[in-house]
>>> print(open('my_file_25.tsv').read())   # TSV, C-alpha atoms
chain	number	residue	atom	x	y	z
A	1	MET	CA	-102.44	32.61	-20.92
A	2	HIS	CA	-105.37	30.29	-20.27
A	3	GLY	CA	-105.64	29.19	-23.91
A	4	THR	CA	-101.89	28.68	-24.27
A	5	THR	CA	-101.68	26.77	-21.00
A	6	MET	CA	-104.57	24.45	-21.84
A	7	ILE	CA	-103.35	23.66	-25.36
A	8	PHE	CA	-99.59	23.39	-24.88
A	9	LEU	CA	-99.23	22.50	-21.20
A	10	VAL	CA	-102.27	20.30	-20.51
A	11	VAL	CA	-103.92	18.62	-23.49
A	12	MET	CA	-100.83	17.93	-25.60
A	13	PRO	CA	-98.59	16.66	-22.76
A	14	VAL	CA	-101.36	14.44	-21.34
A	15	LEU	CA	-102.15	12.84	-24.70
A	16	PHE	CA	-98.52	12.49	-25.72
A	17	GLY	CA	-97.67	10.98	-22.35
A	18	LEU	CA	-100.41	8.38	-22.75
A	19	VAL	CA	-99.10	7.49	-26.21
A	20	ASN	CA	-95.59	7.15	-24.78
A	21	TYR	CA	-96.87	4.58	-22.29
A	22	VAL	CA	-99.37	2.61	-24.38
A	23	LEU	CA	-97.80	2.53	-27.85
A	24	PRO	CA	-94.70	0.43	-26.95
A	25	LEU	CA	-96.91	-2.04	-25.09
A	26	GLN	CA	-99.18	-2.48	-28.10
A	27	ILE	CA	-96.40	-3.20	-30.58
A	28	GLY	CA	-94.26	-5.37	-28.28
A	29	ALA	CA	-91.44	-2.86	-27.74
A	30	ARG	CA	-89.57	-2.45	-24.47
A	31	ASP	CA	-89.43	1.35	-24.75
A	32	MET	CA	-89.57	4.19	-27.24
A	33	ALA	CA	-86.85	4.14	-29.89
A	34	PHE	CA	-84.86	7.04	-28.42
A	35	PRO	CA	-85.20	7.19	-24.61
A	36	ARG	CA	-82.92	10.21	-24.25
A	37	LEU	CA	-84.83	12.12	-26.91
A	38	ASN	CA	-87.96	11.11	-25.01
A	39	ALA	CA	-86.53	12.56	-21.80
A	40	PHE	CA	-85.54	15.74	-23.64
A	41	GLY	CA	-89.09	16.18	-24.92
A	42	PHE	CA	-90.44	15.60	-21.41
A	43	TRP	CA	-88.25	18.26	-19.82
A	44	CYS	CA	-89.17	20.76	-22.52
A	45	VAL	CA	-92.67	20.84	-20.99
A	46	PRO	CA	-91.81	22.18	-17.50
A	47	PHE	CA	-89.11	24.44	-18.93
A	48	GLY	CA	-91.55	25.94	-21.43
A	49	GLY	CA	-94.21	26.26	-18.73
A	50	ILE	CA	-91.83	28.12	-16.43
A	51	LEU	CA	-90.85	30.51	-19.22
A	52	LEU	CA	-94.49	31.16	-20.11
A	53	HIS	CA	-95.67	31.90	-16.59
A	54	PHE	CA	-92.53	33.80	-15.63
A	55	SER	CA	-93.83	36.49	-17.95
A	56	VAL	CA	-96.29	37.45	-15.19
A	57	LEU	CA	-93.33	38.44	-13.00
A	58	ALA	CA	-91.34	40.02	-15.83
A	59	GLY	CA	-93.67	42.89	-16.56
A	60	GLY	CA	-97.06	41.32	-17.16
A	61	ALA	CA	-98.56	38.40	-19.02
A	62	PRO	CA	-98.85	38.75	-22.81
A	63	ALA	CA	-102.16	40.50	-23.50
A	64	VAL	CA	-102.34	39.56	-27.18
A	65	GLY	CA	-104.66	36.54	-27.22
A	66	TRP	CA	-103.40	32.99	-27.43
A	67	PHE	CA	-103.00	33.42	-31.21
A	68	SER	CA	-100.89	36.60	-30.75
A	69	TYR	CA	-102.16	38.42	-33.83
A	70	ALA	CA	-99.84	41.00	-35.37
A	71	PRO	CA	-99.47	43.94	-35.22
A	72	LEU	CA	-100.83	43.78	-31.64
A	73	SER	CA	-97.95	41.48	-30.73
A	74	GLU	CA	-95.35	43.91	-32.12
A	75	THR	CA	-93.30	46.15	-29.82
A	76	PRO	CA	-95.10	49.46	-30.61
A	77	TYR	CA	-98.37	47.94	-29.39
A	78	SER	CA	-97.12	45.44	-26.74
A	79	SER	CA	-93.91	46.71	-25.20
A	80	SER	CA	-94.08	44.31	-22.24
A	81	PRO	CA	-91.55	41.42	-22.42
A	82	GLY	CA	-94.43	39.05	-21.79
A	83	VAL	CA	-94.86	38.49	-25.53
A	84	ASP	CA	-91.18	37.55	-25.82
A	85	TYR	CA	-91.51	35.01	-23.01
A	86	TRP	CA	-94.65	33.65	-24.68
A	87	ALA	CA	-92.87	33.21	-28.01
A	88	VAL	CA	-89.80	31.54	-26.52
A	89	ALA	CA	-91.95	29.27	-24.34
A	90	ILE	CA	-94.04	28.07	-27.28
A	91	PHE	CA	-90.87	27.61	-29.31
A	92	VAL	CA	-89.44	25.32	-26.62
A	93	LEU	CA	-92.71	23.39	-26.30
A	94	GLY	CA	-92.81	23.00	-30.09
A	95	ILE	CA	-89.35	21.44	-30.07
A	96	GLY	CA	-90.52	19.02	-27.39
A	97	SER	CA	-93.54	18.06	-29.49
A	98	LEU	CA	-91.34	17.46	-32.53
A	99	SER	CA	-89.07	15.17	-30.51
A	100	PHE	CA	-92.13	13.14	-29.49
A	101	ALA	CA	-93.29	12.85	-33.12
A	102	ILE	CA	-89.90	11.72	-34.38
A	103	ASN	CA	-89.68	9.18	-31.56
A	104	THR	CA	-93.15	7.83	-32.31
A	105	ILE	CA	-92.43	7.30	-35.99
A	106	ALA	CA	-89.07	5.65	-35.29
A	107	THR	CA	-90.61	3.37	-32.65
A	108	VAL	CA	-93.43	2.12	-34.88
A	109	ILE	CA	-91.15	1.56	-37.86
A	110	SER	CA	-88.18	-0.08	-36.12
A	111	LEU	CA	-89.31	-1.66	-32.82
A	112	ARG	CA	-92.36	-3.76	-33.69
A	113	GLY	CA	-92.34	-7.21	-32.09
A	114	PRO	CA	-92.06	-10.48	-34.05
A	115	GLY	CA	-95.12	-10.98	-36.24
A	116	MET	CA	-96.34	-7.42	-35.70
A	117	THR	CA	-96.62	-6.19	-39.26
A	118	MET	CA	-97.92	-2.75	-40.17
A	119	ARG	CA	-101.25	-4.34	-41.15
A	120	ARG	CA	-101.62	-5.81	-37.65
A	121	LEU	CA	-100.99	-2.58	-35.76
A	122	PRO	CA	-103.78	-1.67	-33.32
A	123	LEU	CA	-105.90	1.28	-34.38
A	124	PHE	CA	-104.58	3.34	-31.45
A	125	THR	CA	-101.03	2.92	-32.72
A	126	TRP	CA	-102.00	3.59	-36.33
A	127	ILE	CA	-103.80	6.83	-35.49
A	128	ASN	CA	-100.92	8.16	-33.41
A	129	PHE	CA	-98.41	7.08	-36.05
A	130	VAL	CA	-100.25	9.23	-38.60
A	131	ASN	CA	-100.65	12.00	-36.03
A	132	ALA	CA	-96.88	12.16	-35.61
A	133	PHE	CA	-96.53	13.13	-39.29
A	134	ILE	CA	-99.10	15.91	-38.78
A	135	ILE	CA	-97.03	17.23	-35.85
A	136	ILE	CA	-93.89	17.25	-38.01
A	137	PHE	CA	-95.79	19.21	-40.66
A	138	ALA	CA	-97.43	21.77	-38.34
A	139	LEU	CA	-95.02	22.61	-35.50
A	140	PRO	CA	-92.04	23.82	-37.60
A	141	VAL	CA	-94.37	26.33	-39.29
A	142	LEU	CA	-95.36	27.76	-35.91
A	143	ASN	CA	-91.75	27.83	-34.70
A	144	ALA	CA	-90.72	29.72	-37.84
A	145	GLY	CA	-93.43	32.31	-37.15
A	146	LEU	CA	-92.32	32.63	-33.54
A	147	ALA	CA	-88.74	33.21	-34.66
A	148	MET	CA	-89.98	35.96	-36.99
A	149	ILE	CA	-91.90	37.64	-34.15
A	150	LEU	CA	-88.79	37.57	-31.95
A	151	ILE	CA	-86.71	39.04	-34.79
A	152	ASP	CA	-89.29	41.81	-35.18
A	153	ARG	CA	-89.32	42.58	-31.46
A	154	GLN	CA	-85.65	42.15	-30.57
A	155	LEU	CA	-83.78	42.92	-33.80
A	156	GLN	CA	-86.07	45.56	-35.34
A	157	GLY	CA	-87.24	43.29	-38.12
A	158	HIS	CA	-90.37	44.05	-40.14
A	159	PHE	CA	-91.96	40.73	-41.00
A	160	PHE	CA	-95.36	41.64	-39.55
A	161	LEU	CA	-95.09	45.39	-38.86
A	162	PRO	CA	-96.98	47.48	-41.47
A	163	ILE	CA	-94.90	50.59	-40.69
A	164	GLY	CA	-91.81	48.83	-42.01
A	165	GLY	CA	-93.51	47.19	-44.98
A	166	GLY	CA	-94.43	43.97	-43.20
A	167	SER	CA	-97.74	42.14	-43.45
A	168	PRO	CA	-99.85	41.29	-40.38
A	169	VAL	CA	-101.82	38.88	-42.56
A	170	LEU	CA	-98.62	36.85	-43.04
A	171	TRP	CA	-98.71	35.97	-39.35
A	172	GLN	CA	-102.32	34.83	-39.70
A	173	HIS	CA	-101.36	32.52	-42.56
A	174	ILE	CA	-98.42	31.12	-40.58
A	175	PHE	CA	-100.36	30.69	-37.36
A	176	TRP	CA	-103.33	28.93	-38.94
A	177	ALA	CA	-101.09	26.73	-41.06
A	178	PHE	CA	-100.31	25.39	-37.59
A	179	GLY	CA	-103.68	26.04	-35.97
A	180	HIS	CA	-105.84	23.94	-38.30
A	181	PRO	CA	-103.61	20.81	-38.12
A	182	GLU	CA	-103.41	21.40	-34.35
A	183	VAL	CA	-107.13	20.60	-34.11
A	184	TYR	CA	-106.36	17.11	-35.41
A	185	ILE	CA	-103.19	16.80	-33.34
A	186	LEU	CA	-105.43	17.15	-30.26
A	187	ALA	CA	-108.45	15.23	-31.54
A	188	LEU	CA	-106.87	12.18	-33.18
A	189	PRO	CA	-105.30	10.74	-29.98
A	190	ALA	CA	-108.68	11.14	-28.27
A	191	PHE	CA	-110.35	9.29	-31.16
A	192	ALA	CA	-107.67	6.61	-30.81
A	193	ILE	CA	-108.52	6.17	-27.13
A	194	VAL	CA	-112.22	5.83	-27.93
A	195	SER	CA	-111.45	3.32	-30.71
A	196	GLU	CA	-109.86	1.03	-28.12
A	197	ILE	CA	-112.16	1.55	-25.15
A	198	ILE	CA	-115.54	1.02	-26.83
A	199	PRO	CA	-114.79	-2.33	-28.55
A	200	VAL	CA	-113.10	-3.74	-25.44
A	201	PHE	CA	-115.76	-2.77	-22.91
A	202	ARG	CA	-118.67	-3.84	-25.09
A	203	GLY	CA	-117.22	-7.34	-25.01
A	204	ASN	CA	-116.33	-7.48	-28.69
A	205	ARG	CA	-113.69	-10.14	-29.18
A	206	PHE	CA	-112.75	-8.50	-32.48
A	207	SER	CA	-111.58	-5.31	-30.81
A	208	ALA	CA	-108.82	-3.20	-32.29
A	209	THR	CA	-106.29	-4.73	-29.91
A	210	ASN	CA	-107.34	-8.32	-30.55
A	211	LEU	CA	-107.17	-7.85	-34.30
A	212	SER	CA	-103.48	-7.03	-33.96
A	213	LEU	CA	-102.63	-10.46	-32.53
A	214	PRO	CA	-101.56	-13.33	-34.78
A	215	ARG	CA	-104.57	-15.53	-35.54
A	216	VAL	CA	-104.55	-19.24	-34.76
A	217	LEU	CA	-106.32	-21.45	-37.30
A	218	PRO	CA	-108.82	-24.03	-35.96
A	219	SER	CA	-106.57	-26.83	-37.18
A	220	GLN	CA	-103.72	-25.42	-35.08
A	221	SER	CA	-105.67	-25.06	-31.83
>>> encode(input="my_file_25.tsv", output="structure tokens")
Amino acid sequence: MHGTTMIFLVVMPVLFGLVNYVLPLQIGARDMAFPRLNAFGFWCVPFGGILLHFSVLAGGAPAVGWFSYAPLSETPYSSSPGVDYWAVAIFVLGIGSLSFAINTIATVISLRGPGMTMRRLPLFTWINFVNAFIIIFALPVLNAGLAMILIDRQLQGHFFLPIGGGSPVLWQHIFWAFGHPEVYILALPAFAIVSEIIPVFRGNRFSATNLSLPRVLPSQS
């Protein structure tokens, strides 16, 4: 519960929220490309958080580690509905993250201000633009795995249950196909913040933000 909460309900929402605020300002946009999609992604966070922590009241928190390795997460070994709440909660949070990524890409591509070419984008915007593609690559893989766990638990499927011919190692492949990109999903926005703060506060007039502005030739000044 602690690992899931810190990753999906603290670090990702805080970083994504900062990008939502700063990125339009840096490229000269009034708002994100899809405000309603933005609101949908925002409300996925408290809804997913409520589902996750409601598991404590619904029979006990999921005692399967934040990576929920099979077959420990299967019904014969974890009969508490806490694992089901965990899977649905992460599924909802994953959809919210995907909505943020789609919105970020659309905003950078379509809402740049006059003179703001892709080559003039601040480094903060560039890093988060690339990060949005990583999110689109990683989160659907996790959501597919979560759907398979729910099918195993609720519909007697056998994706990860060895007794029925399933493979627990398949879950490990699916989870870490998400888990390894997730490291960069969390780290890259932090690197983007550092790339803006250090040049600005060391008094460098050629900071990442200043480089994005149209240059004025000496003859034009």
>>> atom_distance(input="my_file_25.tsv", atom1="CA of Ser55 in chain A", atom2="CA of Trp171 in chain A")
22.0 Å
>>> closest_atom_pairs(input="my_file_25.tsv", of="range 121-153 of chain A", to="range 68-92 of chain A", cutoff="9 Å", atoms="all atoms listed in the file", output="Markdown table")
| residue | atom | partner | partner_atom | distance |
| --- | --- | --- | --- | --- |
| A:Leu139 | CA | A:Phe91 | CA | 9.0 |
| A:Leu142 | CA | A:Phe91 | CA | 8.0 |
| A:Asn143 | CA | A:Phe91 | CA | 5.5 |
| A:Ala144 | CA | A:Phe91 | CA | 8.8 |
| A:Leu146 | CA | A:Ala87 | CA | 5.6 |
| A:Ala147 | CA | A:Ala87 | CA | 7.8 |
| A:Ile149 | CA | A:Glu74 | CA | 7.4 |
| A:Leu150 | CA | A:Asp84 | CA | 6.6 |
| A:Asp152 | CA | A:Glu74 | CA | 7.1 |
| A:Arg153 | CA | A:Thr75 | CA | 5.6 |
>>> closest_residue(input="my_file_25.tsv", among="A:Leu23, A:Ala192, A:Val200, A:Ile105", to="Leu123 in chain A", atoms="all atoms listed in the file")
A:Ala192
>>> closest_residue(input="my_file_25.tsv", among="A:Met1, A:Ala106, A:Leu121, A:Ala101", to="Gly60 in chain A", atoms="all atoms listed in the file")
A:Met1
>>> closest_residue(input="my_file_25.tsv", among="A:Pro122, A:Gly113, A:Pro168, A:Gly49", to="Met6 in chain A", atoms="all atoms listed in the file")
A:Gly49
>>> atom_distance(input="my_file_25.tsv", atom1="CA of Ile95 in chain A", atom2="CA of Phe42 in chain A")
10.5 Å
>>> atom_distance(input="my_file_25.tsv", atom1="CA of Thr125 in chain A", atom2="CA of Leu25 in chain A")
10.0 Å
>>> closest_residue(input="my_file_25.tsv", among="A:Ile185, A:Met116, A:Ile163, A:His158", to="Val130 in chain A", atoms="all atoms listed in the file")
A:Ile185
>>> residues_near_point(input="my_file_25.tsv", point="(-92.7, -0.5, -39.6)", cutoff="12 Å", atoms="only C-alpha atoms", output="mmCIF file with C-alpha atoms, in the frame of the given file")
data_model
loop_
_atom_site.group_PDB
_atom_site.id
_atom_site.type_symbol
_atom_site.label_atom_id
_atom_site.label_comp_id
_atom_site.auth_asym_id
_atom_site.auth_seq_id
_atom_site.Cartn_x
_atom_site.Cartn_y
_atom_site.Cartn_z
ATOM 1 C CA ILE A 27 -96.400 -3.200 -30.580
ATOM 2 C CA THR A 104 -93.150 7.830 -32.310
ATOM 3 C CA ILE A 105 -92.430 7.300 -35.990
ATOM 4 C CA ALA A 106 -89.070 5.650 -35.290
ATOM 5 C CA THR A 107 -90.610 3.370 -32.650
ATOM 6 C CA VAL A 108 -93.430 2.120 -34.880
ATOM 7 C CA ILE A 109 -91.150 1.560 -37.860
ATOM 8 C CA SER A 110 -88.180 -0.080 -36.120
ATOM 9 C CA LEU A 111 -89.310 -1.660 -32.820
ATOM 10 C CA ARG A 112 -92.360 -3.760 -33.690
ATOM 11 C CA GLY A 113 -92.340 -7.210 -32.090
ATOM 12 C CA PRO A 114 -92.060 -10.480 -34.050
ATOM 13 C CA GLY A 115 -95.120 -10.980 -36.240
ATOM 14 C CA MET A 116 -96.340 -7.420 -35.700
ATOM 15 C CA THR A 117 -96.620 -6.190 -39.260
ATOM 16 C CA MET A 118 -97.920 -2.750 -40.170
ATOM 17 C CA ARG A 119 -101.250 -4.340 -41.150
ATOM 18 C CA ARG A 120 -101.620 -5.810 -37.650
ATOM 19 C CA LEU A 121 -100.990 -2.580 -35.760
ATOM 20 C CA THR A 125 -101.030 2.920 -32.720
ATOM 21 C CA TRP A 126 -102.000 3.590 -36.330
ATOM 22 C CA PHE A 129 -98.410 7.080 -36.050
#
>>> residues_around(input="my_file_25.tsv", residues="Val194 in chain A", least_positions_apart="6", cutoff="12 Å", atoms="only C-alpha atoms", output="JSON list (two decimals) with C-alpha atoms, in the coordinates of the input")
[["chain", "number", "residue", "atom", "x", "y", "z"],
["A", 123, "LEU", "CA", -105.90, 1.28, -34.38],
["A", 124, "PHE", "CA", -104.58, 3.34, -31.45],
["A", 127, "ILE", "CA", -103.80, 6.83, -35.49],
["A", 187, "ALA", "CA", -108.45, 15.23, -31.54],
["A", 188, "LEU", "CA", -106.87, 12.18, -33.18],
["A", 200, "VAL", "CA", -113.10, -3.74, -25.44],
["A", 201, "PHE", "CA", -115.76, -2.77, -22.91],
["A", 202, "ARG", "CA", -118.67, -3.84, -25.09],
["A", 207, "SER", "CA", -111.58, -5.31, -30.81],
["A", 208, "ALA", "CA", -108.82, -3.20, -32.29]]
>>> closest_residue(input="my_file_25.tsv", among="A:Phe175, A:Pro62, A:Phe100, A:Gly164", to="Arg36 in chain A", atoms="all atoms listed in the file")
A:Phe100
>>> axis_aligned_box(input="my_file_25.tsv", around="range 90-109 of chain A", padding_each_side="4 Å", output="JSON")
{"center_x": -91.6, "center_y": 14.8, "center_z": -32.1, "size_x": 13.0, "size_y": 34.5, "size_z": 19.6}
>>> closest_residue(input="my_file_25.tsv", among="A:Ala63, A:His53, A:Ile134, A:Asn103", to="Gly179 in chain A", atoms="all atoms listed in the file")
A:Ile134
